[in-house]
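Below is entry11.cif, which holds mmCIF, C-alpha atoms (C1' of nucleotides).
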```
data_structure
loop_
_atom_site.label_atom_id
_atom_site.label_comp_id
_atom_site.auth_asym_id
_atom_site.auth_seq_id
_atom_site.Cartn_x
_atom_site.Cartn_y
_atom_site.Cartn_z
CA MET A 500 -30.32 12.59 -21.19
CA ASN A 501 -32.47 10.56 -18.86
CA ARG A 502 -32.09 10.18 -15.15
CA VAL A 503 -29.99 7.04 -15.30
CA ASP A 504 -27.61 8.54 -17.84
CA GLU A 505 -27.22 11.65 -15.73
CA ALA A 506 -26.39 9.56 -12.70
CA GLN A 507 -23.85 7.60 -14.71
CA ALA A 508 -22.25 10.76 -16.02
CA LYS A 509 -21.99 12.21 -12.52
CA ALA A 510 -20.62 8.92 -11.26
CA ALA A 511 -18.01 8.88 -14.00
CA GLN A 512 -16.90 12.36 -12.98
CA ILE A 513 -16.66 11.36 -9.35
CA PHE A 514 -14.75 8.24 -10.32
CA ALA A 515 -12.33 10.38 -12.31
CA LEU A 516 -11.90 12.57 -9.24
CA PHE A 517 -10.92 9.69 -6.99
CA ASN A 518 -8.81 8.20 -9.72
CA GLU A 519 -6.73 11.37 -9.95
CA ILE A 520 -6.50 11.55 -6.18
CA GLY A 521 -5.27 7.96 -6.03
CA ILE A 522 -2.60 8.52 -8.65
CA ILE A 523 -1.39 11.76 -7.08
CA SER A 524 -1.23 10.03 -3.74
CA GLN A 525 1.01 7.32 -5.19
CA LEU A 526 3.27 9.72 -7.03
CA SER A 527 3.63 12.23 -4.22
CA ARG A 528 4.33 9.55 -1.65
CA ALA A 529 7.11 8.20 -3.85
CA GLN A 530 8.53 11.71 -4.24
CA PHE A 531 8.42 12.42 -0.52
CA ASP A 532 9.93 9.10 0.45
CA ALA A 533 12.79 9.60 -1.98
CA HIS A 534 13.84 12.70 -0.04
CA LEU A 535 13.81 11.02 3.37
CA PRO A 536 16.56 8.88 4.92
CA ASP A 537 16.46 5.21 4.02
CA GLY A 538 13.82 3.24 5.87
CA PHE A 539 11.62 6.22 6.62
CA SER A 540 8.45 7.25 4.86
CA VAL A 541 6.00 10.12 4.92
CA GLN A 542 4.05 8.47 7.73
CA HIS A 543 7.06 8.66 10.01
CA PHE A 544 7.57 12.29 9.14
CA SER A 545 3.87 13.05 9.46
CA VAL A 546 3.68 11.61 12.94
CA LEU A 547 6.67 13.61 14.13
CA ASN A 548 5.24 16.73 12.52
CA HIS A 549 1.89 16.12 14.14
CA LEU A 550 3.43 15.68 17.59
CA LEU A 551 5.20 19.01 17.24
CA ARG A 552 2.55 21.05 15.50
CA VAL A 553 -0.62 19.70 17.11
CA LYS A 554 0.22 18.12 20.45
CA ASN A 555 3.00 16.10 21.99
CA GLY A 556 2.33 13.06 24.20
CA GLN A 557 -0.71 11.80 22.30
CA THR A 558 -1.87 8.22 22.49
CA PRO A 559 -1.24 5.83 19.59
CA LEU A 560 -4.97 5.55 19.02
CA ALA A 561 -5.37 9.32 18.77
CA LEU A 562 -2.61 9.36 16.17
CA ALA A 563 -4.22 6.49 14.25
CA ARG A 564 -7.46 8.47 14.14
CA ALA A 565 -5.69 11.65 13.09
CA PHE A 566 -4.19 9.87 10.09
CA GLN A 567 -7.20 7.65 9.42
CA VAL A 568 -5.26 4.42 9.57
CA PRO A 569 -6.14 1.25 11.50
CA LYS A 570 -4.55 1.16 14.93
CA ASN A 571 -2.27 -1.78 14.09
CA THR A 572 -0.82 0.23 11.24
CA MET A 573 0.02 2.97 13.71
CA THR A 574 1.61 0.39 16.01
CA HIS A 575 3.87 -0.52 13.12
CA THR A 576 4.77 3.09 12.30
CA LEU A 577 5.48 3.94 15.92
CA GLY A 578 7.63 0.83 16.22
CA GLY A 579 9.88 2.17 13.50
CA LEU A 580 10.11 5.59 15.10
CA GLU A 581 10.85 4.10 18.51
CA ARG A 582 13.54 1.75 17.22
CA ALA A 583 15.20 4.78 15.64
CA GLY A 584 14.96 6.70 18.93
CA LEU A 585 12.84 9.46 17.37
CA VAL A 586 9.96 9.01 19.81
CA ALA A 587 9.57 7.45 23.25
CA LEU A 588 6.50 5.44 24.22
CA LYS A 589 5.57 5.87 27.87
CA PRO A 590 2.70 4.43 29.87
CA ASN A 591 -0.29 6.71 30.09
CA PRO A 592 -0.69 7.76 33.73
CA ASP A 593 -4.41 8.31 33.19
CA ASP A 594 -5.14 4.89 31.67
CA GLY A 595 -3.34 1.63 32.26
CA ARG A 596 -4.23 0.23 28.85
CA SER A 597 -2.84 3.19 27.02
CA LYS A 598 0.45 4.84 26.12
CA GLN A 599 1.76 8.26 25.31
CA VAL A 600 4.00 9.10 22.38
CA TRP A 601 6.65 11.73 23.08
CA ILE A 602 9.00 13.07 20.46
CA SER A 603 12.69 13.06 21.39
CA ASP A 604 15.38 15.62 20.61
CA GLU A 605 16.58 13.31 17.86
CA GLY A 606 13.03 13.30 16.56
CA ARG A 607 12.95 17.08 16.42
CA THR A 608 16.24 17.14 14.59
CA PHE A 609 15.03 14.52 12.16
CA ARG A 610 11.88 16.48 11.45
CA ASP A 611 13.80 19.73 10.92
CA GLN A 612 16.21 18.08 8.54
CA ALA A 613 13.37 16.41 6.69
CA ILE A 614 11.66 19.75 6.19
CA ALA A 615 14.89 21.27 4.97
CA SER A 616 15.24 18.58 2.34
CA LEU A 617 11.55 18.52 1.38
CA VAL A 618 10.91 22.23 0.96
CA PRO A 619 12.99 22.71 -2.20
CA SER A 620 11.06 20.14 -4.24
CA MET A 621 7.80 21.58 -2.99
CA MET A 622 8.94 24.94 -4.24
CA ASP A 623 9.20 23.37 -7.68
CA LEU A 624 5.45 22.95 -7.52
CA LEU A 625 4.76 26.64 -7.12
CA PRO A 626 4.67 27.42 -10.84
CA VAL A 627 2.21 24.58 -11.37
CA LEU A 628 0.01 25.90 -8.58
CA ALA A 629 0.22 29.49 -9.73
CA ASP A 630 -3.27 29.41 -11.25
CA VAL A 631 -4.71 27.23 -8.52
CA ASP A 632 -6.46 28.50 -5.43
CA VAL A 633 -4.70 26.12 -3.09
CA GLU A 634 -6.60 27.39 -0.09
CA LYS A 635 -9.90 26.54 -1.72
CA LEU A 636 -8.60 23.29 -3.13
CA VAL A 637 -7.57 22.09 0.30
CA GLY A 638 -10.88 23.26 1.70
CA ASP A 639 -12.82 21.20 -0.83
CA LEU A 640 -10.68 18.17 -0.13
CA VAL A 641 -11.16 18.54 3.60
CA ARG A 642 -14.90 18.51 3.08
CA ILE A 643 -14.69 15.34 1.03
CA ARG A 644 -12.35 13.71 3.52
CA THR A 645 -14.61 14.62 6.41
CA TYR A 646 -17.57 13.03 4.67
CA LEU A 647 -15.68 9.84 3.82
CA ASP A 648 -14.43 9.64 7.36
CA ALA A 649 -17.94 9.91 8.74
CA ALA A 650 -19.23 7.38 6.20
CA ARG A 651 -16.44 4.98 7.07
CA ASP A 652 -17.69 3.16 10.14
CA ASN A 653 -21.03 3.67 8.55
CA MET B 903 7.45 37.73 7.04
CA ASN B 904 10.79 37.12 5.42
CA ARG B 905 11.53 35.00 2.42
CA VAL B 906 12.32 31.83 4.37
CA ASP B 907 9.14 32.09 6.42
CA GLU B 908 7.09 32.59 3.29
CA ALA B 909 8.62 29.53 1.72
CA GLN B 910 7.89 27.53 4.86
CA ALA B 911 4.29 28.71 4.94
CA LYS B 912 3.78 27.80 1.30
CA ALA B 913 5.44 24.45 1.90
CA ALA B 914 3.15 23.78 4.86
CA GLN B 915 0.15 24.49 2.67
CA ILE B 916 1.40 22.16 -0.04
CA PHE B 917 2.13 19.52 2.55
CA ALA B 918 -1.42 19.85 3.85
CA LEU B 919 -2.66 19.44 0.29
CA PHE B 920 -0.84 16.15 -0.25
CA ASN B 921 -1.74 15.02 3.22
CA GLU B 922 -5.45 15.39 2.46
CA ILE B 923 -5.00 13.70 -0.88
CA GLY B 924 -3.25 10.78 0.78
CA ILE B 925 -5.98 10.32 3.37
CA ILE B 926 -8.78 10.59 0.81
CA SER B 927 -6.99 8.06 -1.34
CA GLN B 928 -6.89 5.61 1.57
CA LEU B 929 -10.49 6.13 2.58
CA SER B 930 -11.95 6.07 -0.92
CA ARG B 931 -10.02 2.97 -1.88
CA ALA B 932 -11.37 1.17 1.18
CA GLN B 933 -14.90 2.29 0.29
CA PHE B 934 -14.61 1.17 -3.32
CA ASP B 935 -13.08 -2.17 -2.44
CA ALA B 936 -15.84 -2.87 0.04
CA HIS B 937 -18.37 -2.71 -2.79
CA LEU B 938 -16.51 -5.10 -5.06
CA PRO B 939 -16.53 -8.92 -4.96
CA ASP B 940 -14.04 -10.49 -2.61
CA GLY B 941 -10.49 -10.50 -3.89
CA PHE B 942 -10.99 -7.61 -6.28
CA SER B 943 -9.93 -4.04 -5.80
CA VAL B 944 -10.29 -0.74 -7.59
CA GLN B 945 -7.24 -1.50 -9.73
CA HIS B 946 -8.96 -4.51 -11.21
CA PHE B 947 -12.05 -2.47 -11.95
CA SER B 948 -10.02 0.43 -13.28
CA VAL B 949 -8.16 -1.75 -15.74
CA LEU B 950 -11.37 -3.27 -17.08
CA ASN B 951 -12.92 0.16 -17.30
CA HIS B 952 -9.88 1.49 -19.11
CA LEU B 953 -9.92 -1.35 -21.64
CA LEU B 954 -13.55 -0.59 -22.46
CA ARG B 955 -13.53 3.18 -22.33
CA VAL B 956 -10.11 3.97 -23.77
CA LYS B 957 -8.90 1.05 -25.85
CA ASN B 958 -9.04 -2.72 -25.76
CA GLY B 959 -5.99 -4.87 -26.50
CA GLN B 960 -3.43 -2.58 -24.88
CA THR B 961 -0.07 -3.85 -23.70
CA PRO B 962 0.59 -4.37 -19.99
CA LEU B 963 3.20 -1.63 -20.09
CA ALA B 964 0.78 0.86 -21.59
CA LEU B 965 -1.66 0.05 -18.79
CA ALA B 966 1.06 0.43 -16.16
CA ARG B 967 1.85 3.88 -17.56
CA ALA B 968 -1.81 4.85 -17.69
CA PHE B 969 -2.17 4.12 -13.99
CA GLN B 970 1.29 5.29 -13.01
CA VAL B 971 2.29 2.08 -11.34
CA PRO B 972 5.51 0.08 -11.84
CA LYS B 973 5.19 -2.60 -14.46
CA ASN B 974 5.55 -5.45 -11.99
CA THR B 975 2.54 -4.11 -10.11
CA MET B 976 0.57 -4.29 -13.34
CA THR B 977 1.80 -7.85 -13.89
CA HIS B 978 0.31 -8.69 -10.51
CA THR B 979 -3.02 -6.99 -11.20
CA LEU B 980 -3.36 -8.58 -14.64
CA GLY B 981 -2.55 -11.96 -13.10
CA GLY B 982 -5.58 -11.63 -10.87
CA LEU B 983 -7.81 -10.60 -13.74
CA GLU B 984 -6.56 -13.43 -15.93
CA ARG B 985 -7.00 -16.08 -13.23
CA ALA B 986 -10.57 -14.88 -12.86
CA GLY B 987 -11.08 -15.08 -16.62
CA LEU B 988 -11.93 -11.38 -16.88
CA VAL B 989 -9.17 -10.65 -19.39
CA ALA B 990 -7.10 -12.72 -21.79
CA LEU B 991 -3.39 -12.09 -22.36
CA LYS B 992 -2.33 -12.78 -25.91
CA PRO B 993 1.04 -12.40 -27.59
CA ASN B 994 1.48 -9.12 -29.40
CA PRO B 995 1.75 -9.86 -33.11
CA ASP B 996 3.78 -6.70 -33.61
CA ASP B 997 6.39 -7.39 -30.94
CA GLY B 998 7.57 -10.74 -29.65
CA ARG B 999 8.49 -9.34 -26.21
CA SER B 1000 5.08 -7.92 -25.64
CA LYS B 1001 1.51 -8.95 -24.94
CA GLN B 1002 -1.97 -7.61 -25.47
CA VAL B 1003 -4.68 -7.48 -22.84
CA TRP B 1004 -8.18 -8.22 -24.10
CA ILE B 1005 -11.25 -7.98 -21.92
CA SER B 1006 -13.56 -11.02 -22.02
CA ASP B 1007 -17.35 -11.15 -21.94
CA GLU B 1008 -17.08 -12.10 -18.26
CA GLY B 1009 -14.93 -9.02 -17.82
CA ARG B 1010 -17.59 -6.81 -19.38
CA THR B 1011 -20.22 -8.31 -17.15
CA PHE B 1012 -18.03 -7.86 -14.10
CA ARG B 1013 -17.45 -4.22 -14.96
CA ASP B 1014 -21.14 -3.54 -15.52
CA GLN B 1015 -22.09 -5.14 -12.23
CA ALA B 1016 -19.33 -3.25 -10.44
CA ILE B 1017 -20.64 0.04 -11.78
CA ALA B 1018 -24.14 -0.88 -10.74
CA SER B 1019 -22.98 -1.49 -7.19
CA LEU B 1020 -20.64 1.50 -7.04
CA VAL B 1021 -22.90 4.20 -8.39
CA PRO B 1022 -25.27 4.36 -5.41
CA SER B 1023 -22.55 5.17 -2.88
CA MET B 1024 -21.13 7.75 -5.25
CA MET B 1025 -24.53 9.36 -5.39
CA ASP B 1026 -24.29 9.77 -1.62
CA LEU B 1027 -21.42 12.13 -2.32
CA LEU B 1028 -23.49 14.51 -4.41
CA PRO B 1029 -24.72 16.61 -1.49
CA VAL B 1030 -21.16 17.00 -0.27
CA LEU B 1031 -20.04 18.11 -3.71
CA ALA B 1032 -22.96 20.45 -4.24
CA ASP B 1033 -20.85 23.53 -3.52
CA VAL B 1034 -17.79 22.17 -5.27
CA ASP B 1035 -16.91 22.79 -8.88
CA VAL B 1036 -15.91 19.20 -9.55
CA GLU B 1037 -14.95 19.97 -13.12
CA LYS B 1038 -12.44 22.54 -11.98
CA LEU B 1039 -11.29 20.42 -9.07
CA VAL B 1040 -10.47 17.52 -11.36
CA GLY B 1041 -8.78 19.92 -13.75
CA ASP B 1042 -6.51 21.24 -11.02
CA LEU B 1043 -5.66 17.73 -9.91
CA VAL B 1044 -4.87 16.66 -13.44
CA ARG B 1045 -2.44 19.54 -13.72
CA ILE B 1046 -0.72 18.51 -10.50
CA ARG B 1047 -0.65 14.86 -11.53
CA THR B 1048 0.80 15.71 -14.90
CA TYR B 1049 3.58 17.67 -13.27
CA LEU B 1050 4.40 14.94 -10.77
CA ASP B 1051 4.40 12.41 -13.55
CA ALA B 1052 6.84 14.46 -15.58
CA ALA B 1053 9.03 15.07 -12.54
CA ARG B 1054 9.04 11.37 -11.68
CA ASP B 1055 11.68 9.83 -13.88
CA ASN B 1056 12.94 13.34 -14.43
"C1'" DA C 641 26.79 -10.41 -39.12
"C1'" DT C 642 28.19 -8.89 -34.74
"C1'" DT C 643 27.99 -6.29 -30.85
"C1'" DA C 644 25.98 -3.18 -27.70
"C1'" DC C 645 22.11 -1.31 -25.91
"C1'" DA C 646 17.09 -0.63 -25.03
"C1'" DT C 647 12.60 -2.43 -24.03
"C1'" DA C 648 8.59 -5.81 -22.33
"C1'" DG C 649 7.64 -8.65 -18.99
"C1'" DT C 650 8.43 -11.83 -14.89
"C1'" DT C 651 10.45 -13.36 -10.56
"C1'" DC C 652 12.07 -12.60 -6.08
"C1'" DA C 653 12.61 -10.53 -1.73
"C1'" DA C 654 11.66 -6.79 1.40
"C1'" DC C 655 8.35 -4.12 3.34
"C1'" DA C 656 3.65 -1.84 4.22
"C1'" DT C 657 -1.09 -2.43 5.06
"C1'" DC C 658 -4.91 -4.21 7.32
"C1'" DG C 659 -8.67 -7.52 9.05
"C1'" DA C 660 -9.24 -10.78 12.72
"C1'" DA C 661 -8.16 -12.69 16.87
"C1'" DC C 662 -6.29 -11.82 21.12
"C1'" DC C 663 -4.92 -9.78 25.93
"C1'" DA C 664 -5.29 -6.53 29.54
"C1'" DA C 665 -7.35 -2.68 31.65
"C1'" DA C 666 -11.50 0.19 32.23
"C1'" DT C 667 -16.44 1.00 32.54
"C1'" DG C 668 -21.17 0.27 33.71
"C1'" DG C 669 -24.87 -2.15 35.35
"C1'" DA C 670 -27.29 -5.28 38.51
"C1'" DT D 613 -18.97 -6.65 44.34
"C1'" DC D 614 -19.38 -9.29 40.15
"C1'" DC D 615 -19.98 -9.88 35.51
"C1'" DA D 616 -20.55 -8.31 30.78
"C1'" DT D 617 -19.07 -5.11 27.66
"C1'" DT D 618 -16.02 -1.72 25.78
"C1'" DT D 619 -11.59 0.17 24.76
"C1'" DG D 620 -6.25 0.55 23.86
"C1'" DG D 621 -2.85 -1.93 22.02
"C1'" DT D 622 -0.27 -5.96 20.01
"C1'" DT D 623 0.29 -10.23 17.27
"C1'" DC D 624 -0.49 -12.94 13.29
"C1'" DG D 625 -1.47 -14.07 8.70
"C1'" DA D 626 -2.91 -12.76 4.07
"C1'" DT D 627 -2.28 -9.61 0.53
"C1'" DG D 628 -0.52 -5.47 -2.10
"C1'" DT D 629 3.37 -2.75 -3.56
"C1'" DT D 630 7.74 -2.02 -5.43
"C1'" DG D 631 12.99 -1.98 -6.38
"C1'" DA D 632 16.38 -4.96 -8.24
"C1'" DA D 633 17.85 -8.57 -10.88
"C1'" DC D 634 16.87 -11.45 -14.69
"C1'" DT D 635 15.24 -13.37 -19.45
"C1'" DA D 636 14.01 -12.66 -24.00
"C1'" DT D 637 13.20 -9.92 -27.87
"C1'" DG D 638 13.97 -5.86 -30.62
"C1'" DT D 639 16.96 -2.02 -32.53
"C1'" DA D 640 21.00 0.48 -34.03
"C1'" DA D 641 25.62 1.00 -35.36
"C1'" DT D 642 29.47 -0.55 -37.47
#
```

Just give me the structure of the file as structure tokens.
Amino acid sequence: MNRVDEAQAKAAQIFALFNEIGIISQLSRAQFDAHLPDGFSVQHFSVLNHLLRVKNGQTPLALARAFQVPKNTMTHTLGGLERAGLVALKPNPDDGRSKQVWISDEGRTFRDQAIASLVPSMMDLLPVLADVDVEKLVGDLVRIRTYLDAARDN
Amino acid sequence: MNRVDEAQAKAAQIFALFNEIGIISQLSRAQFDAHLPDGFSVQHFSVLNHLLRVKNGQTPLALARAFQVPKNTMTHTLGGLERAGLVALKPNPDDGRSKQVWISDEGRTFRDQAIASLVPSMMDLLPVLADVDVEKLVGDLVRIRTYLDAARDN
DNA sequence: ATTACATAGTTCAACATCGAACCAAATGGA
DNA sequence: TCCATTTGGTTCGATGTTGAACTATGTAAT
């Protein structure tokens, strides 16, 4: 096998990797969404979860970066959460251009209920993951994600 | 740690897993698309690739299943490929409701050129994947995807 | 043959995503 | 201080995705 063939074989493997990742992303998103109240998706849940687990009162831009989405996409997501009263957007006292996103009591309740309804179907995955080192798997993925993120804005 | 806490910890880990997968899916799709001609995305490439590598002349529904997308999504993707003359849709002689998707010479050329322009950026990933057993990684993902697929339409 | 049901594919409408253009506030020279 | 540039956020328009409803063909049962 010459050098070009080797490169092609490696590339095919990498393509298969991202192909699987893309399909799993689709399928899992659909599964998650199905367990959330109508009109809400994983993004909404993820933002609430992030505010509670990482830090409350973050700026929209910080959240956009955390989830690797364009800032206008985050505007859209936060709009939905705000209309539903799950977060409050307040002006950022440190920067007149900016805002802060604070989760409300309703938001906390929503997140808790979402977890309660999501956990059971995740438990169904345990048998599938029995032979998988999830810790390592996530670690590998984080490395790949970190690289892609760095390569993004060149 | 009691049973509920354990379940929550496991669930958090699984959530992190799908979270990473979702983000990588976003980022890698953007990267791929950027290297393809305007108006074409990974799906278009994937379909052409599938027709060549797996089997030419498949039905739209078979392709939709292969990529785990709803059939109307595949209709949309095939529409783009057909308008561009990269595939031809012919009636299925075995079934009057159905069609067959055949890749054209232009389609083959498009796919070859796409590979040529995609491979270099995939090679950039090699250092990142040096410590990763990609074979095993893909295997684990396939197992997860297979489960999700089976759980989909229950 | 008739009827009921299942399957392949399209259309339509709702919604998500995202690049580009835009506005306002902040920053950094000179 | 003034001006150019950068940064946080929104708006707008184009496109992708998908559920639901629909058409047409095939299949099975009686």

* Identify all residues satisfying the PyMOL selection byres ((chain C and resi 649-660) around 8) in the given file; provide them as a list in words. => Pro569, Asn571 and Thr572 of chain A; Lys973, Asn974, Thr977, Arg999 and Ser1000 of chain B; DA648 and DA661 of chain C; DG628, DT629 and DC634 of chain D

* On this file, the PyMOL selection byres ((chain A) within 9 of (chain B)) gives some set of residues; write that set as a PyMOL selection string. => chain A and resi 506-507+509-530+545+566-568+614+617-619+621-622+624-625+627-628+630-631+633-634+636-637+639-644+646-648+650-651

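In this structure, atom CA of Ala1016 of chain B sits 23.4 Å away from atom CA of Thr961 of chain B.
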
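Considering all atoms listed in the file, the residue among A:Gln557, A:Ser540, A:Thr576, A:Thr608 positioned nearest to Pro590 of chain A is A:Gln557.
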
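Counting from atom CA of Gly584 of chain A, the distance to atom CA of Phe539 of chain A is 12.8 Å.
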
* What are the residues of chain D that have an atom within 10 Å of an atom of chain B, counting all atoms listed in the file, as a PyMOL selection string? -> chain D and resi 627-631+636-638

For the selection you just gave me, I'd like the residues written to a file as a short mmCIF file (atom, residue, chain, number, x, y, z; two decimals), in the coordinates of the input, keeping C-alpha atoms (C1' of nucleotides).
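That gives us again-v8.cif:
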```
data_model
loop_
_atom_site.label_atom_id
_atom_site.label_comp_id
_atom_site.auth_asym_id
_atom_site.auth_seq_id
_atom_site.Cartn_x
_atom_site.Cartn_y
_atom_site.Cartn_z
"C1'" DT D 627 -2.28 -9.61 0.53
"C1'" DG D 628 -0.52 -5.47 -2.10
"C1'" DT D 629 3.37 -2.75 -3.56
"C1'" DT D 630 7.74 -2.02 -5.43
"C1'" DG D 631 12.99 -1.98 -6.38
"C1'" DA D 636 14.01 -12.66 -24.00
"C1'" DT D 637 13.20 -9.92 -27.87
"C1'" DG D 638 13.97 -5.86 -30.62
#
```

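When only C-alpha atoms (C1' of nucleotides) are used to compute distances to chain C, the closest of the residues B:Leu983, B:Met976, B:Ala990, B:Ala1032 turns out to be B:Met976.
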
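Here the question is which of C:DC662, C:DT647, C:DG668, C:DT642 gets nearest to chain B using all atoms listed in the file, and that residue is C:DT647.
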
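The gap separating atom CA of Ala583 of chain A from atom CA of Glu605 of chain A is 8.9 Å, in Å to one decimal.
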
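Residues captured in this structure file are C:DA641, C:DT642, C:DA644, C:DC645, D:DT639, D:DA640, D:DA641, D:DT642, according to the PyMOL selection byres ((chain C and resi 643) around 12).
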
Write out N, CA and C atoms for segment 984-996 of chain B, as a PDB file, in the frame of the given file.
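Saved as rebuild.pdb:
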```pdb
ATOM      1  N   GLU B 984      -6.642 -12.284 -15.019  1.00  0.00           N
ATOM      2  CA  GLU B 984      -6.560 -13.430 -15.930  1.00  0.00           C
ATOM      3  C   GLU B 984      -7.033 -14.706 -15.223  1.00  0.00           C
ATOM      4  N   ARG B 985      -6.568 -14.902 -13.978  1.00  0.00           N
ATOM      5  CA  ARG B 985      -7.000 -16.080 -13.230  1.00  0.00           C
ATOM      6  C   ARG B 985      -8.510 -16.126 -13.115  1.00  0.00           C
ATOM      7  N   ALA B 986      -9.122 -14.942 -12.997  1.00  0.00           N
ATOM      8  CA  ALA B 986     -10.570 -14.880 -12.860  1.00  0.00           C
ATOM      9  C   ALA B 986     -11.268 -14.928 -14.222  1.00  0.00           C
ATOM     10  N   GLY B 987     -10.497 -14.990 -15.293  1.00  0.00           N
ATOM     11  CA  GLY B 987     -11.080 -15.080 -16.620  1.00  0.00           C
ATOM     12  C   GLY B 987     -11.706 -13.785 -17.104  1.00  0.00           C
ATOM     13  N   LEU B 988     -11.321 -12.651 -16.498  1.00  0.00           N
ATOM     14  CA  LEU B 988     -11.930 -11.380 -16.880  1.00  0.00           C
ATOM     15  C   LEU B 988     -11.185 -10.716 -18.035  1.00  0.00           C
ATOM     16  N   VAL B 989      -9.923 -11.102 -18.218  1.00  0.00           N
ATOM     17  CA  VAL B 989      -9.170 -10.650 -19.390  1.00  0.00           C
ATOM     18  C   VAL B 989      -8.405 -11.845 -19.941  1.00  0.00           C
ATOM     19  N   ALA B 990      -7.980 -11.720 -21.188  1.00  0.00           N
ATOM     20  CA  ALA B 990      -7.100 -12.720 -21.790  1.00  0.00           C
ATOM     21  C   ALA B 990      -5.823 -12.024 -22.229  1.00  0.00           C
ATOM     22  N   LEU B 991      -4.674 -12.642 -21.943  1.00  0.00           N
ATOM     23  CA  LEU B 991      -3.390 -12.090 -22.360  1.00  0.00           C
ATOM     24  C   LEU B 991      -2.931 -12.867 -23.589  1.00  0.00           C
ATOM     25  N   LYS B 992      -2.772 -12.134 -24.686  1.00  0.00           N
ATOM     26  CA  LYS B 992      -2.330 -12.780 -25.910  1.00  0.00           C
ATOM     27  C   LYS B 992      -1.007 -12.183 -26.353  1.00  0.00           C
ATOM     28  N   PRO B 993      -0.220 -12.958 -27.075  1.00  0.00           N
ATOM     29  CA  PRO B 993       1.040 -12.400 -27.590  1.00  0.00           C
ATOM     30  C   PRO B 993       0.762 -11.253 -28.549  1.00  0.00           C
ATOM     31  N   ASN B 994       1.627 -10.275 -28.514  1.00  0.00           N
ATOM     32  CA  ASN B 994       1.480  -9.120 -29.400  1.00  0.00           C
ATOM     33  C   ASN B 994       2.091  -9.455 -30.755  1.00  0.00           C
ATOM     34  N   PRO B 995       1.250  -9.478 -31.788  1.00  0.00           N
ATOM     35  CA  PRO B 995       1.750  -9.860 -33.110  1.00  0.00           C
ATOM     36  C   PRO B 995       2.818  -8.910 -33.634  1.00  0.00           C
ATOM     37  N   ASP B 996       2.827  -7.690 -33.119  1.00  0.00           N
ATOM     38  CA  ASP B 996       3.780  -6.700 -33.610  1.00  0.00           C
ATOM     39  C   ASP B 996       5.114  -6.733 -32.878  1.00  0.00           C
TER      40      ASP B 996
END
```
